[in-house]
file coords.txt (compact mmCIF, C-alpha atoms)
# COMPACT_ATOMS: atom_id res chain seq x y z
CA MET H 28 -11.48 -21.68 -11.95
CA GLY H 29 -9.35 -18.58 -11.91
CA LEU H 30 -11.61 -15.51 -11.61
CA LEU H 31 -14.71 -17.69 -11.26
CA LEU H 32 -15.47 -15.17 -8.52
CA GLU H 33 -16.11 -12.54 -11.20
CA CYS H 34 -18.97 -14.64 -12.54
CA LEU H 35 -20.27 -15.34 -9.06
CA ALA H 36 -20.62 -11.58 -8.79
CA MET H 37 -22.26 -11.33 -12.18
CA ALA H 38 -24.69 -14.19 -11.52
CA LEU H 39 -25.57 -13.64 -7.88
CA SER H 40 -25.57 -9.91 -7.30
CA PHE H 41 -29.03 -8.42 -7.57
CA GLN H 42 -27.43 -5.16 -8.64
CA ILE H 43 -26.41 -6.45 -12.05
CA ALA H 44 -27.32 -3.96 -14.73
CA ALA H 45 -29.82 -4.90 -17.39
CA SER H 46 -28.37 -6.04 -20.68
CA ALA H 47 -26.88 -3.17 -22.67
CA ALA H 48 -29.06 -1.75 -25.39
CA THR H 49 -27.65 -2.16 -28.84
CA THR H 50 -27.94 0.00 -31.90
CA PRO H 51 -30.12 -1.48 -34.63
CA PRO H 52 -28.35 -2.62 -37.77
CA SER H 53 -27.62 0.19 -40.17
CA SER H 54 -29.58 0.50 -43.37
CA SER H 55 -26.58 -0.80 -45.33
CA LEU H 56 -26.93 -4.13 -43.55
CA SER H 57 -30.53 -4.49 -44.62
CA SER H 58 -29.86 -3.57 -48.26
CA SER H 59 -28.83 -5.98 -50.96
CA TRP H 60 -25.17 -5.15 -50.37
CA LYS H 61 -23.54 -6.27 -47.14
CA PRO H 62 -19.99 -5.61 -45.95
CA ARG H 63 -17.65 -8.54 -45.72
CA LEU H 64 -17.52 -9.65 -42.11
CA SER H 65 -14.59 -11.28 -40.40
CA PRO H 66 -16.07 -14.33 -38.64
CA VAL H 67 -15.92 -13.86 -34.88
CA ILE H 68 -15.14 -16.49 -32.23
CA LEU H 69 -15.82 -15.53 -28.61
CA VAL H 70 -13.62 -17.06 -25.91
CA PRO H 71 -14.99 -16.45 -22.40
CA GLY H 72 -13.29 -15.87 -19.09
CA ALA H 73 -13.24 -18.17 -16.07
CA GLY H 74 -16.77 -19.20 -15.22
CA GLY H 75 -17.94 -17.61 -18.47
CA ASN H 76 -19.67 -20.67 -19.90
CA GLN H 77 -21.78 -23.53 -18.66
CA LEU H 78 -20.24 -26.73 -17.31
CA GLU H 79 -22.16 -30.01 -16.95
CA VAL H 80 -21.57 -32.93 -14.61
CA LYS H 81 -22.66 -36.55 -14.22
CA LEU H 82 -22.21 -38.45 -10.97
CA GLY H 83 -21.22 -42.09 -10.91
CA GLY H 84 -21.16 -44.86 -8.33
CA ASP H 85 -17.74 -43.81 -7.04
CA TYR H 86 -19.08 -40.44 -5.98
CA HIS H 87 -19.80 -40.29 -2.27
CA GLY H 88 -21.20 -36.92 -1.27
CA SER H 89 -19.92 -35.55 2.00
CA ARG H 90 -23.47 -34.71 3.08
CA PHE H 91 -26.81 -36.45 2.74
CA VAL H 92 -28.22 -33.65 0.60
CA CYS H 93 -25.37 -34.19 -1.89
CA ARG H 94 -26.31 -37.84 -2.31
CA THR H 95 -30.01 -37.37 -3.04
CA PHE H 96 -29.93 -36.36 -6.71
CA GLY H 97 -27.81 -36.10 -9.82
CA PHE H 98 -26.76 -39.69 -10.48
CA SER H 99 -26.60 -41.27 -13.95
CA HIS H 100 -27.65 -38.19 -15.92
CA TRP H 101 -26.04 -34.94 -17.00
CA PHE H 102 -27.02 -31.71 -15.27
CA ARG H 103 -25.68 -28.18 -15.13
CA LEU H 104 -22.95 -27.74 -12.52
CA TRP H 105 -22.03 -24.17 -13.51
CA LEU H 106 -24.02 -22.10 -13.38
CA ASN H 107 -26.93 -23.49 -11.39
CA VAL H 108 -28.03 -20.63 -9.15
CA LEU H 109 -30.13 -22.82 -6.89
CA GLY H 110 -27.36 -25.40 -6.74
CA ILE H 111 -24.79 -23.10 -5.12
CA ILE H 112 -26.88 -21.55 -2.38
CA PRO H 113 -27.11 -23.19 1.08
CA PRO H 114 -27.57 -26.03 1.85
CA PHE H 115 -26.18 -27.09 -1.55
CA THR H 116 -22.96 -25.03 -1.47
CA PRO H 117 -20.80 -27.93 -0.16
CA CYS H 118 -22.21 -30.19 -2.91
CA PHE H 119 -21.26 -27.68 -5.58
CA ALA H 120 -17.80 -27.20 -4.08
CA GLU H 121 -16.91 -30.89 -3.95
CA ARG H 122 -18.22 -31.55 -7.46
CA ILE H 123 -16.37 -28.73 -9.20
CA ARG H 124 -13.03 -29.14 -7.42
CA LEU H 125 -10.03 -30.84 -9.03
CA GLU H 126 -7.54 -33.33 -7.65
CA TYR H 127 -3.81 -33.38 -8.32
CA ASN H 128 -1.84 -36.46 -9.37
CA GLY H 129 1.70 -36.07 -8.04
CA GLY H 130 3.01 -38.79 -10.36
CA SER H 131 1.80 -37.34 -13.64
CA LYS H 132 1.72 -33.78 -12.26
CA THR H 133 -1.73 -33.29 -13.77
CA PHE H 134 -5.14 -32.29 -12.47
CA HIS H 135 -8.32 -34.30 -12.89
CA ASN H 136 -11.87 -34.71 -11.57
CA PRO H 137 -12.40 -36.63 -8.30
CA PRO H 138 -13.62 -40.26 -8.54
CA GLY H 139 -17.21 -40.64 -9.67
CA ILE H 140 -17.41 -37.18 -11.27
CA THR H 141 -17.48 -36.69 -15.04
CA THR H 142 -17.71 -33.22 -16.55
CA ARG H 143 -18.25 -31.84 -20.02
CA VAL H 144 -18.57 -28.46 -21.74
CA PRO H 145 -21.81 -28.12 -23.72
CA GLY H 146 -22.32 -26.02 -26.82
CA PHE H 147 -18.86 -25.81 -28.37
CA GLY H 148 -19.09 -23.72 -31.55
CA SER H 149 -22.09 -21.75 -30.29
CA THR H 150 -22.33 -18.66 -28.08
CA GLU H 151 -25.48 -19.94 -26.37
CA THR H 152 -23.86 -21.37 -23.23
CA MET H 153 -21.92 -18.17 -22.57
CA GLU H 154 -24.74 -15.70 -23.15
CA TYR H 155 -26.70 -16.79 -20.08
CA LEU H 156 -24.92 -19.02 -17.59
CA ASP H 157 -28.15 -20.21 -15.96
CA PRO H 158 -30.99 -20.05 -18.51
CA THR H 159 -33.53 -20.44 -15.70
CA PHE H 160 -32.40 -17.14 -14.19
CA LYS H 161 -31.51 -15.04 -17.22
CA PHE H 162 -31.99 -11.78 -15.33
CA LEU H 163 -29.22 -12.89 -12.94
CA SER H 164 -26.84 -14.75 -15.20
CA GLY H 165 -26.29 -12.71 -18.35
CA TYR H 166 -22.63 -12.77 -19.40
CA MET H 167 -21.87 -12.28 -23.10
CA ASN H 168 -25.47 -11.66 -24.10
CA SER H 169 -24.97 -7.92 -24.64
CA LEU H 170 -21.87 -8.39 -26.78
CA VAL H 171 -23.60 -11.09 -28.83
CA ALA H 172 -26.61 -8.80 -29.35
CA ALA H 173 -24.34 -5.96 -30.50
CA LEU H 174 -22.57 -8.22 -32.98
CA LYS H 175 -25.86 -9.51 -34.35
CA ALA H 176 -26.98 -5.90 -34.80
CA LYS H 177 -23.95 -5.46 -37.05
CA GLY H 178 -25.03 -8.37 -39.22
CA TYR H 179 -23.39 -11.34 -37.52
CA GLU H 180 -25.32 -14.61 -37.48
CA SER H 181 -25.01 -17.43 -34.96
CA GLN H 182 -22.87 -20.33 -36.17
CA LYS H 183 -22.50 -18.69 -39.58
CA THR H 184 -20.31 -15.70 -38.84
CA LEU H 185 -20.50 -15.76 -35.03
CA PHE H 186 -19.16 -18.66 -32.97
CA GLY H 187 -18.30 -19.50 -29.38
CA ALA H 188 -15.43 -21.48 -27.90
CA PRO H 189 -16.44 -22.46 -24.35
CA TYR H 190 -13.99 -24.56 -22.35
CA ASP H 191 -13.41 -26.14 -18.94
CA PHE H 192 -12.13 -23.05 -17.19
CA ARG H 193 -10.72 -24.97 -14.23
CA TYR H 194 -7.74 -26.16 -16.26
CA ALA H 195 -4.70 -24.50 -17.81
CA PRO H 196 -2.54 -25.31 -20.86
CA GLY H 197 1.23 -25.66 -20.99
CA PRO H 198 3.54 -28.28 -19.43
CA ASN H 199 1.71 -31.20 -17.79
CA ALA H 200 -1.62 -30.00 -19.15
CA ALA H 201 -4.62 -32.28 -18.75
CA GLU H 202 -6.05 -33.93 -21.84
CA VAL H 203 -9.15 -31.75 -21.63
CA ALA H 204 -6.98 -28.62 -22.00
CA LEU H 205 -5.09 -30.04 -24.98
CA GLN H 206 -8.36 -31.07 -26.62
CA PHE H 207 -9.70 -27.52 -26.31
CA LEU H 208 -6.67 -26.12 -28.15
CA HIS H 209 -7.18 -28.72 -30.89
CA ASP H 210 -10.90 -27.94 -31.13
CA LEU H 211 -10.26 -24.20 -31.22
CA LYS H 212 -7.90 -24.56 -34.16
CA ASN H 213 -10.46 -26.64 -36.04
CA LEU H 214 -13.17 -24.07 -35.28
CA VAL H 215 -11.03 -21.21 -36.59
CA GLU H 216 -10.36 -23.06 -39.82
CA LYS H 217 -14.01 -24.09 -40.22
CA ALA H 218 -15.26 -20.54 -39.57
CA SER H 219 -12.86 -19.14 -42.15
CA ARG H 220 -13.53 -21.70 -44.85
CA SER H 221 -17.29 -21.45 -44.46
CA ASN H 222 -16.98 -17.69 -45.05
CA LYS H 223 -15.07 -17.71 -48.32
CA ASN H 224 -11.70 -18.10 -46.57
CA THR H 225 -12.13 -14.84 -44.64
CA PRO H 226 -9.69 -14.55 -41.70
CA VAL H 227 -11.22 -14.88 -38.23
CA THR H 228 -11.34 -12.43 -35.32
CA LEU H 229 -10.86 -13.88 -31.83
CA ILE H 230 -12.54 -11.89 -29.04
CA SER H 231 -11.65 -12.98 -25.52
CA HIS H 232 -12.58 -11.86 -22.04
CA SER H 233 -10.36 -12.12 -18.95
CA LEU H 234 -8.76 -15.58 -18.63
CA GLY H 235 -9.82 -16.29 -22.20
CA GLY H 236 -7.15 -13.82 -23.33
CA LEU H 237 -4.40 -15.94 -21.78
CA TRP H 238 -5.79 -19.02 -23.51
CA VAL H 239 -5.98 -17.26 -26.90
CA LEU H 240 -2.44 -15.91 -26.59
CA HIS H 241 -1.13 -19.37 -25.70
CA PHE H 242 -3.07 -20.81 -28.66
CA LEU H 243 -1.75 -18.25 -31.14
CA ASN H 244 1.83 -18.71 -30.03
CA LEU H 245 1.53 -22.41 -30.83
CA GLN H 246 0.66 -21.67 -34.47
CA SER H 247 2.99 -20.93 -37.37
CA SER H 248 3.19 -17.43 -38.81
CA THR H 249 1.88 -18.82 -42.11
CA TRP H 250 -1.19 -20.27 -40.41
CA LYS H 251 -1.88 -17.04 -38.51
CA LYS H 252 -1.56 -14.91 -41.64
CA ARG H 253 -3.99 -17.23 -43.42
CA PHE H 254 -6.63 -17.63 -40.70
CA ILE H 255 -6.45 -14.74 -38.18
CA HIS H 256 -7.67 -11.20 -38.85
CA ARG H 257 -7.37 -9.80 -35.33
CA PHE H 258 -7.16 -10.70 -31.63
CA ILE H 259 -9.32 -8.51 -29.36
CA ALA H 260 -8.38 -9.14 -25.73
CA VAL H 261 -10.85 -7.65 -23.27
CA SER H 262 -9.74 -7.27 -19.62
CA ALA H 263 -6.91 -9.78 -19.96
CA PRO H 264 -4.98 -10.48 -16.71
CA TRP H 265 -1.55 -10.78 -18.33
CA GLY H 266 0.29 -10.58 -15.02
CA GLY H 267 -2.31 -12.08 -12.73
CA SER H 268 -4.24 -10.37 -9.97
CA VAL H 269 -3.73 -9.57 -6.29
CA GLN H 270 -7.32 -10.72 -5.80
CA GLU H 271 -6.20 -14.29 -6.45
CA MET H 272 -4.09 -14.31 -3.29
CA ARG H 273 -7.29 -13.65 -1.38
CA VAL H 274 -8.91 -16.62 -3.13
CA PHE H 275 -6.15 -18.94 -1.89
CA ALA H 276 -5.81 -17.42 1.57
CA SER H 277 -9.39 -17.06 2.72
CA GLY H 278 -11.75 -17.92 -0.13
CA TYR H 279 -13.83 -15.34 -1.93
CA THR H 280 -17.52 -14.90 -2.76
CA GLU H 281 -17.53 -11.38 -4.27
CA GLY H 282 -20.09 -9.93 -1.88
CA ALA H 283 -22.48 -12.90 -1.92
CA ASN H 284 -22.77 -12.81 1.87
CA PHE H 285 -25.05 -15.84 2.07
CA LEU H 286 -22.13 -18.02 0.89
CA ASP H 287 -19.34 -19.09 3.24
CA PRO H 288 -15.97 -18.33 1.61
CA LEU H 289 -14.31 -21.08 3.67
CA VAL H 290 -16.68 -23.65 2.15
CA LEU H 291 -15.58 -22.54 -1.31
CA ARG H 292 -11.89 -22.11 -0.46
CA ASP H 293 -10.80 -25.73 -0.97
CA GLU H 294 -12.32 -25.98 -4.43
CA GLN H 295 -10.96 -22.56 -5.38
CA ARG H 296 -7.49 -23.69 -4.32
CA SER H 297 -7.82 -26.83 -6.44
CA SER H 298 -8.31 -24.95 -9.71
CA GLU H 299 -5.12 -24.85 -11.74
CA SER H 300 -6.33 -21.79 -13.63
CA ASN H 301 -6.41 -19.98 -10.28
CA LEU H 302 -2.72 -20.83 -9.93
CA TRP H 303 -2.14 -19.35 -13.37
CA LEU H 304 -3.79 -16.11 -12.26
CA LEU H 305 -1.71 -15.50 -9.16
CA PRO H 306 0.37 -12.30 -9.33
CA SER H 307 3.39 -12.77 -11.57
CA PRO H 308 6.74 -12.04 -9.90
CA LYS H 309 7.83 -10.33 -13.12
CA VAL H 310 4.93 -7.91 -12.97
CA PHE H 311 4.51 -7.26 -9.25
CA GLY H 312 8.14 -7.72 -8.16
CA ASN H 313 8.89 -6.98 -4.49
CA LYS H 314 5.77 -4.94 -3.80
CA THR H 315 3.96 -6.03 -0.63
CA LEU H 316 0.70 -7.68 -1.65
CA VAL H 317 -0.34 -9.41 1.57
CA VAL H 318 0.13 -8.18 5.14
CA GLY H 319 0.02 -11.08 7.58
CA SER H 320 0.19 -11.32 11.36
CA SER H 321 3.93 -12.00 11.46
CA ARG H 322 5.23 -11.03 8.02
CA ASN H 323 4.39 -9.57 4.63
CA TYR H 324 4.32 -11.35 1.27
CA THR H 325 5.20 -10.31 -2.26
CA ALA H 326 4.76 -12.17 -5.53
CA MET H 327 8.31 -13.43 -4.94
CA ASP H 328 7.25 -15.17 -1.69
CA LEU H 329 4.67 -17.63 -2.96
CA GLU H 330 6.30 -20.67 -1.37
CA ASP H 331 6.17 -19.05 2.08
CA PHE H 332 2.68 -17.73 1.37
CA PHE H 333 1.33 -21.18 0.51
CA ARG H 334 2.94 -22.64 3.63
CA ASP H 335 1.60 -19.97 5.96
CA ILE H 336 -1.98 -20.17 4.68
CA GLY H 337 -1.90 -23.91 5.41
CA TYR H 338 -1.68 -25.06 1.81
CA SER H 339 1.95 -26.11 1.37
CA ARG H 340 1.19 -28.52 -1.45
CA GLY H 341 -0.12 -25.59 -3.45
CA TYR H 342 3.42 -24.46 -4.18
CA GLU H 343 4.26 -27.83 -5.75
CA HIS H 344 1.17 -27.48 -7.93
CA TYR H 345 2.24 -23.95 -8.86
CA GLU H 346 5.82 -24.94 -9.70
CA THR H 347 4.81 -27.81 -11.95
CA ARG H 348 2.22 -25.83 -13.92
CA VAL H 349 2.71 -22.06 -13.90
CA PRO H 350 6.32 -20.84 -14.44
CA GLY H 351 6.35 -22.09 -18.03
CA LEU H 352 3.12 -20.23 -18.76
CA LEU H 353 4.53 -16.98 -17.40
CA GLU H 354 7.30 -17.18 -19.99
CA GLU H 355 4.77 -17.42 -22.82
CA LEU H 356 3.59 -13.84 -23.11
CA ALA H 357 5.32 -13.30 -26.44
CA ALA H 358 3.64 -11.05 -29.00
CA PRO H 359 1.09 -13.16 -30.93
CA GLY H 360 2.10 -12.05 -34.42
CA VAL H 361 -1.40 -10.89 -35.37
CA PRO H 362 -3.02 -7.44 -35.02
CA VAL H 363 -4.14 -6.94 -31.41
CA SER H 364 -6.58 -4.68 -29.60
CA LEU H 365 -6.31 -4.54 -25.81
CA VAL H 366 -9.54 -3.25 -24.27
CA PHE H 367 -9.87 -2.79 -20.51
CA GLY H 368 -11.33 -0.63 -17.78
CA VAL H 369 -9.29 1.81 -15.67
CA GLY H 370 -9.95 4.23 -12.86
CA VAL H 371 -11.73 1.67 -10.67
CA ASP H 372 -10.60 0.91 -7.10
CA THR H 373 -8.82 -2.45 -7.31
CA PRO H 374 -7.37 -4.45 -4.40
CA GLU H 375 -3.63 -3.80 -4.29
CA THR H 376 -2.77 -4.98 -0.78
CA LEU H 377 -4.63 -7.51 1.38
CA VAL H 378 -4.31 -6.73 5.09
CA TYR H 379 -4.90 -9.71 7.43
CA GLU H 380 -2.66 -8.85 10.39
CA LYS H 381 -3.72 -10.58 13.63
CA GLN H 382 -7.03 -11.99 12.44
CA GLY H 383 -5.38 -14.70 10.34
CA PHE H 384 -6.21 -16.18 6.96
CA ASP H 385 -9.57 -17.69 7.89
CA TYR H 386 -11.06 -14.20 7.85
CA GLN H 387 -11.62 -11.76 5.02
CA PRO H 388 -8.90 -9.08 4.74
CA LYS H 389 -9.06 -5.34 4.78
CA MET H 390 -8.17 -3.75 1.47
CA GLU H 391 -5.80 -1.11 0.24
CA TYR H 392 -6.67 -0.05 -3.28
CA GLY H 393 -4.92 1.03 -6.43
CA ASP H 394 -5.92 1.49 -10.06
CA GLY H 395 -7.34 -1.18 -12.34
CA ASP H 396 -10.74 -2.52 -13.40
CA GLY H 397 -11.88 -3.57 -9.94
CA THR H 398 -10.51 -7.11 -10.34
CA ILE H 399 -7.29 -6.89 -12.37
CA ASN H 400 -4.55 -4.46 -11.36
CA LEU H 401 -3.53 -1.84 -13.92
CA CYS H 402 0.08 -3.06 -14.06
CA SER H 403 -1.23 -6.47 -15.13
CA LEU H 404 -3.68 -5.13 -17.71
CA ARG H 405 -0.89 -3.05 -19.31
CA TRP H 406 1.95 -5.52 -18.82
CA VAL H 407 2.44 -6.62 -22.43
CA VAL H 408 1.90 -3.27 -24.14
CA ASP H 409 5.45 -1.90 -24.24
CA SER H 410 7.14 -5.20 -25.04
CA TRP H 411 4.73 -6.05 -27.84
CA LYS H 412 5.05 -2.61 -29.45
CA LYS H 413 8.80 -3.18 -29.72
CA VAL H 414 8.31 -6.33 -31.81
CA GLY H 415 8.77 -5.75 -35.53
CA ASP H 416 5.49 -5.17 -37.31
CA GLN H 417 3.32 -6.24 -34.37
CA GLN H 418 0.23 -4.00 -34.34
CA VAL H 419 -1.10 -3.12 -30.87
CA LYS H 420 -4.03 -0.81 -30.18
CA VAL H 421 -4.84 0.02 -26.55
CA VAL H 422 -8.35 1.13 -25.55
CA GLU H 423 -8.71 2.20 -21.92
CA LEU H 424 -12.28 2.67 -20.73
CA GLN H 425 -12.56 5.03 -17.79
CA GLY H 426 -14.67 3.69 -14.92
CA LYS H 427 -15.59 0.38 -16.58
CA THR H 428 -15.17 -2.65 -14.36
CA HIS H 429 -13.99 -6.14 -15.20
CA THR H 430 -17.57 -7.30 -15.76
CA THR H 431 -19.42 -4.15 -16.84
CA VAL H 432 -17.07 -3.90 -19.81
CA LEU H 433 -19.27 -6.63 -21.34
CA LYS H 434 -22.52 -4.93 -20.30
CA ASP H 435 -22.07 -1.19 -20.68
CA GLU H 436 -23.34 0.04 -24.06
CA ASP H 437 -20.40 2.36 -24.73
CA ALA H 438 -17.87 -0.31 -23.73
CA VAL H 439 -19.48 -2.94 -25.95
CA GLU H 440 -19.50 -0.46 -28.82
CA GLU H 441 -15.74 0.06 -28.38
CA ILE H 442 -15.16 -3.70 -28.48
CA VAL H 443 -17.15 -4.06 -31.69
CA LYS H 444 -15.26 -1.12 -33.26
CA GLN H 445 -12.03 -3.09 -32.95
CA LEU H 446 -13.13 -5.53 -35.64
CA GLY H 447 -11.64 -3.15 -38.19
CA ASP H 448 -11.58 -3.60 -41.93
CA VAL H 449 -11.45 -7.21 -43.08
CA GLU H 450 -10.23 -6.13 -46.50
CA GLY H 451 -6.81 -5.51 -45.05
CA GLN H 452 -6.78 -2.03 -43.54
CA ASN H 453 -6.23 -3.05 -39.93
CA LEU H 454 -6.50 -0.54 -37.09
CA SER H 455 -3.33 1.39 -36.49
CA SER H 456 -1.36 0.97 -33.29

call {"tool": "encode", "arguments": {"input": "coords.txt", "output": "structure tokens"}}
result
Amino acid sequence: MGLLLECLAMALSFQIAASAATTPPSSSLSSSWKPRLSPVILVPGAGGNQLEVKLGGDYHGSRFVCRTFGFSHWFRLWLNVLGIIPPFTPCFAERIRLEYNGGSKTFHNPPGITTRVPGFGSTETMEYLDPTFKFLSGYMNSLVAALKAKGYESQKTLFGAPYDFRYAPGPNAAEVALQFLHDLKNLVEKASRSNKNTPVTLISHSLGGLWVLHFLNLQSSTWKKRFIHRFIAVSAPWGGSVQEMRVFASGYTEGANFLDPLVLRDEQRSSESNLWLLPSPKVFGNKTLVVGSSRNYTAMDLEDFFRDIGYSRGYEHYETRVPGLLEELAAPGVPVSLVFGVGVDTPETLVYEKQGFDYQPKMEYGDGDGTINLCSLRWVVDSWKKVGDQQVKVVELQGKTHTTVLKDEDAVEEIVKQLGDVEGQNLSS
């Protein structure tokens, strides 16, 4: 669930801004003539779409309250606001966690737990993560509204590609991850063909950008030229985030003080996408990221870090799943817009010292979007611009955070601007 914490903040903080206002469609959209629209597919970040669960006879809840409901029928696991607050937090944590099979080197659900992703092809399950509490759980609703104001229509020219955000692609990927890549390709082709063979624009947020890049680099140049108009990556954590080391060390609830981070820590550690989002040694190098009681840790010291936080097996999980993914940040071979916030205090060093890893750290801050460090957000820019005819446009939004970039009216307008001209005049780099 890498960066699931960002959606905990979005869903649980009572300071979430109201949905961004959108500009009404222009008169040209309401006239008999309409511009040709590149179909759009939205790919959310971690925790950016609903996830459902069904409990079977092999599920044995650790507490009585976890065994009193939820058997034999599907219900919403993420996000269910009432289902993650005490006393239900342990139930949520044990149901959403993954287990690791050392033989196959793959992750899977625990016994008795079956999960599924509802609403593939639609944006509905990523607009509001808990429909019962829309005022708390809006995610892509503002972006969807802005696109509809430009003439986009749900499941005609506007689609969604939700996925099980706990998993990651690449070597030893679980079947659910491979199926998502297959389904995404089919959705791209369907969206294009149902719109007179118009190439598709992929808009991702956060972790979704890593998934889209991986997906595009699996496709042939011929296929991409035929089916892809543009890739708009919003707040993509190309090189990971220092914040993820906090997730593994002490758990993280993003200011939701009524939740115990230690209760969530085990399930956060079990998410292979969280492993994917740890700081990349290539990006962060030998910079001190964690200050412990007896030593400091850099992105080059992950084996020692996992051992010292009491999670030695985590390094085995990391080694079997992540290094291959870190080598796959090649330019995608389609026009790209990178949109992200800057000028926001972002954790750059976690200071634990004598208190140990069961306590929340003090912070030293640097630049970024509040969640992703600036060096990570910018990591691919220079290398991609050196690649042949690869088009790269960078849009830095001063003061916009990792989550408000999808809420703020000006930020959403900048995202929509990146759609460019479907007739072939792509935005310049």

call {"tool": "atom_distance", "arguments": {"input": "coords.txt", "atom1": "atom CA of Arg103 of chain H", "atom2": "atom CA of Thr141 of chain H"}}
result
11.8 Å

call {"tool": "closest_residue", "arguments": {"input": "coords.txt", "among": "H:Tyr338, H:Glu154, H:Phe160, H:Ser247", "to": "Ala172 of chain H", "atoms": "only C-alpha atoms"}}
result
H:Glu154

call {"tool": "closest_residue", "arguments": {"input": "coords.txt", "among": "H:Val317, H:Ala358, H:Leu446, H:Val414", "to": "Arg257 of chain H", "atoms": "all atoms listed in the file"}}
result
H:Leu446

call {"tool": "atom_distance", "arguments": {"input": "coords.txt", "atom1": "atom CA of Pro113 of chain H", "atom2": "atom CA of Asn136 of chain H"}}
result
22.9 Å

call {"tool": "closest_residue", "arguments": {"input": "coords.txt", "among": "H:Asn107, H:Ser65, H:Gln270, H:Asn323", "to": "Val80 of chain H", "atoms": "all atoms listed in the file"}}
result
H:Asn107

call {"tool": "decode", "arguments": {"input": "coords.txt", "residues": "segment 117-156 of chain H", "atoms": "C-alpha atoms", "output": "PDB file, in the first residue's frame"}}
result
ATOM      1  CA  PRO H 117      -6.864  -4.107  14.170  1.00  0.00           C
ATOM      2  CA  CYS H 118      -9.558  -5.780  12.022  1.00  0.00           C
ATOM      3  CA  PHE H 119      -8.777  -3.485   9.111  1.00  0.00           C
ATOM      4  CA  ALA H 120      -5.034  -4.011   9.531  1.00  0.00           C
ATOM      5  CA  GLU H 121      -5.168  -7.809   9.514  1.00  0.00           C
ATOM      6  CA  ARG H 122      -7.557  -7.934   6.558  1.00  0.00           C
ATOM      7  CA  ILE H 123      -5.602  -5.626   4.269  1.00  0.00           C
ATOM      8  CA  ARG H 124      -2.131  -6.994   5.022  1.00  0.00           C
ATOM      9  CA  LEU H 125      -0.285  -9.349   2.671  1.00  0.00           C
ATOM     10  CA  GLU H 126       1.732 -12.473   3.348  1.00  0.00           C
ATOM     11  CA  TYR H 127       4.959 -13.480   1.631  1.00  0.00           C
ATOM     12  CA  ASN H 128       5.644 -16.923   0.161  1.00  0.00           C
ATOM     13  CA  GLY H 129       9.382 -17.551   0.394  1.00  0.00           C
ATOM     14  CA  GLY H 130       9.199 -20.406  -2.112  1.00  0.00           C
ATOM     15  CA  SER H 131       7.528 -18.531  -4.953  1.00  0.00           C
ATOM     16  CA  LYS H 132       8.805 -15.154  -3.725  1.00  0.00           C
ATOM     17  CA  THR H 133       5.335 -13.691  -4.191  1.00  0.00           C
ATOM     18  CA  PHE H 134       2.840 -11.878  -1.984  1.00  0.00           C
ATOM     19  CA  HIS H 135      -0.750 -12.954  -1.403  1.00  0.00           C
ATOM     20  CA  ASN H 136      -3.741 -12.468   0.893  1.00  0.00           C
ATOM     21  CA  PRO H 137      -3.810 -14.329   4.234  1.00  0.00           C
ATOM     22  CA  PRO H 138      -5.971 -17.489   4.483  1.00  0.00           C
ATOM     23  CA  GLY H 139      -9.704 -16.840   4.445  1.00  0.00           C
ATOM     24  CA  ILE H 140      -9.414 -13.389   2.857  1.00  0.00           C
ATOM     25  CA  THR H 141     -10.430 -12.717  -0.738  1.00  0.00           C
ATOM     26  CA  THR H 142     -10.145  -9.235  -2.228  1.00  0.00           C
ATOM     27  CA  ARG H 143     -11.262  -7.603  -5.438  1.00  0.00           C
ATOM     28  CA  VAL H 144     -11.146  -4.182  -7.097  1.00  0.00           C
ATOM     29  CA  PRO H 145     -14.600  -2.893  -8.076  1.00  0.00           C
ATOM     30  CA  GLY H 146     -15.393  -0.594 -10.954  1.00  0.00           C
ATOM     31  CA  PHE H 147     -12.603  -1.232 -13.451  1.00  0.00           C
ATOM     32  CA  GLY H 148     -13.164   0.991 -16.488  1.00  0.00           C
ATOM     33  CA  SER H 149     -15.030   3.629 -14.483  1.00  0.00           C
ATOM     34  CA  THR H 150     -13.791   6.562 -12.398  1.00  0.00           C
ATOM     35  CA  GLU H 151     -16.541   6.082  -9.814  1.00  0.00           C
ATOM     36  CA  THR H 152     -14.537   4.123  -7.226  1.00  0.00           C
ATOM     37  CA  MET H 153     -11.705   6.655  -7.265  1.00  0.00           C
ATOM     38  CA  GLU H 154     -13.796   9.816  -7.081  1.00  0.00           C
ATOM     39  CA  TYR H 155     -15.018   9.141  -3.537  1.00  0.00           C
ATOM     40  CA  LEU H 156     -13.263   6.403  -1.599  1.00  0.00           C
TER      41      LEU H 156
END
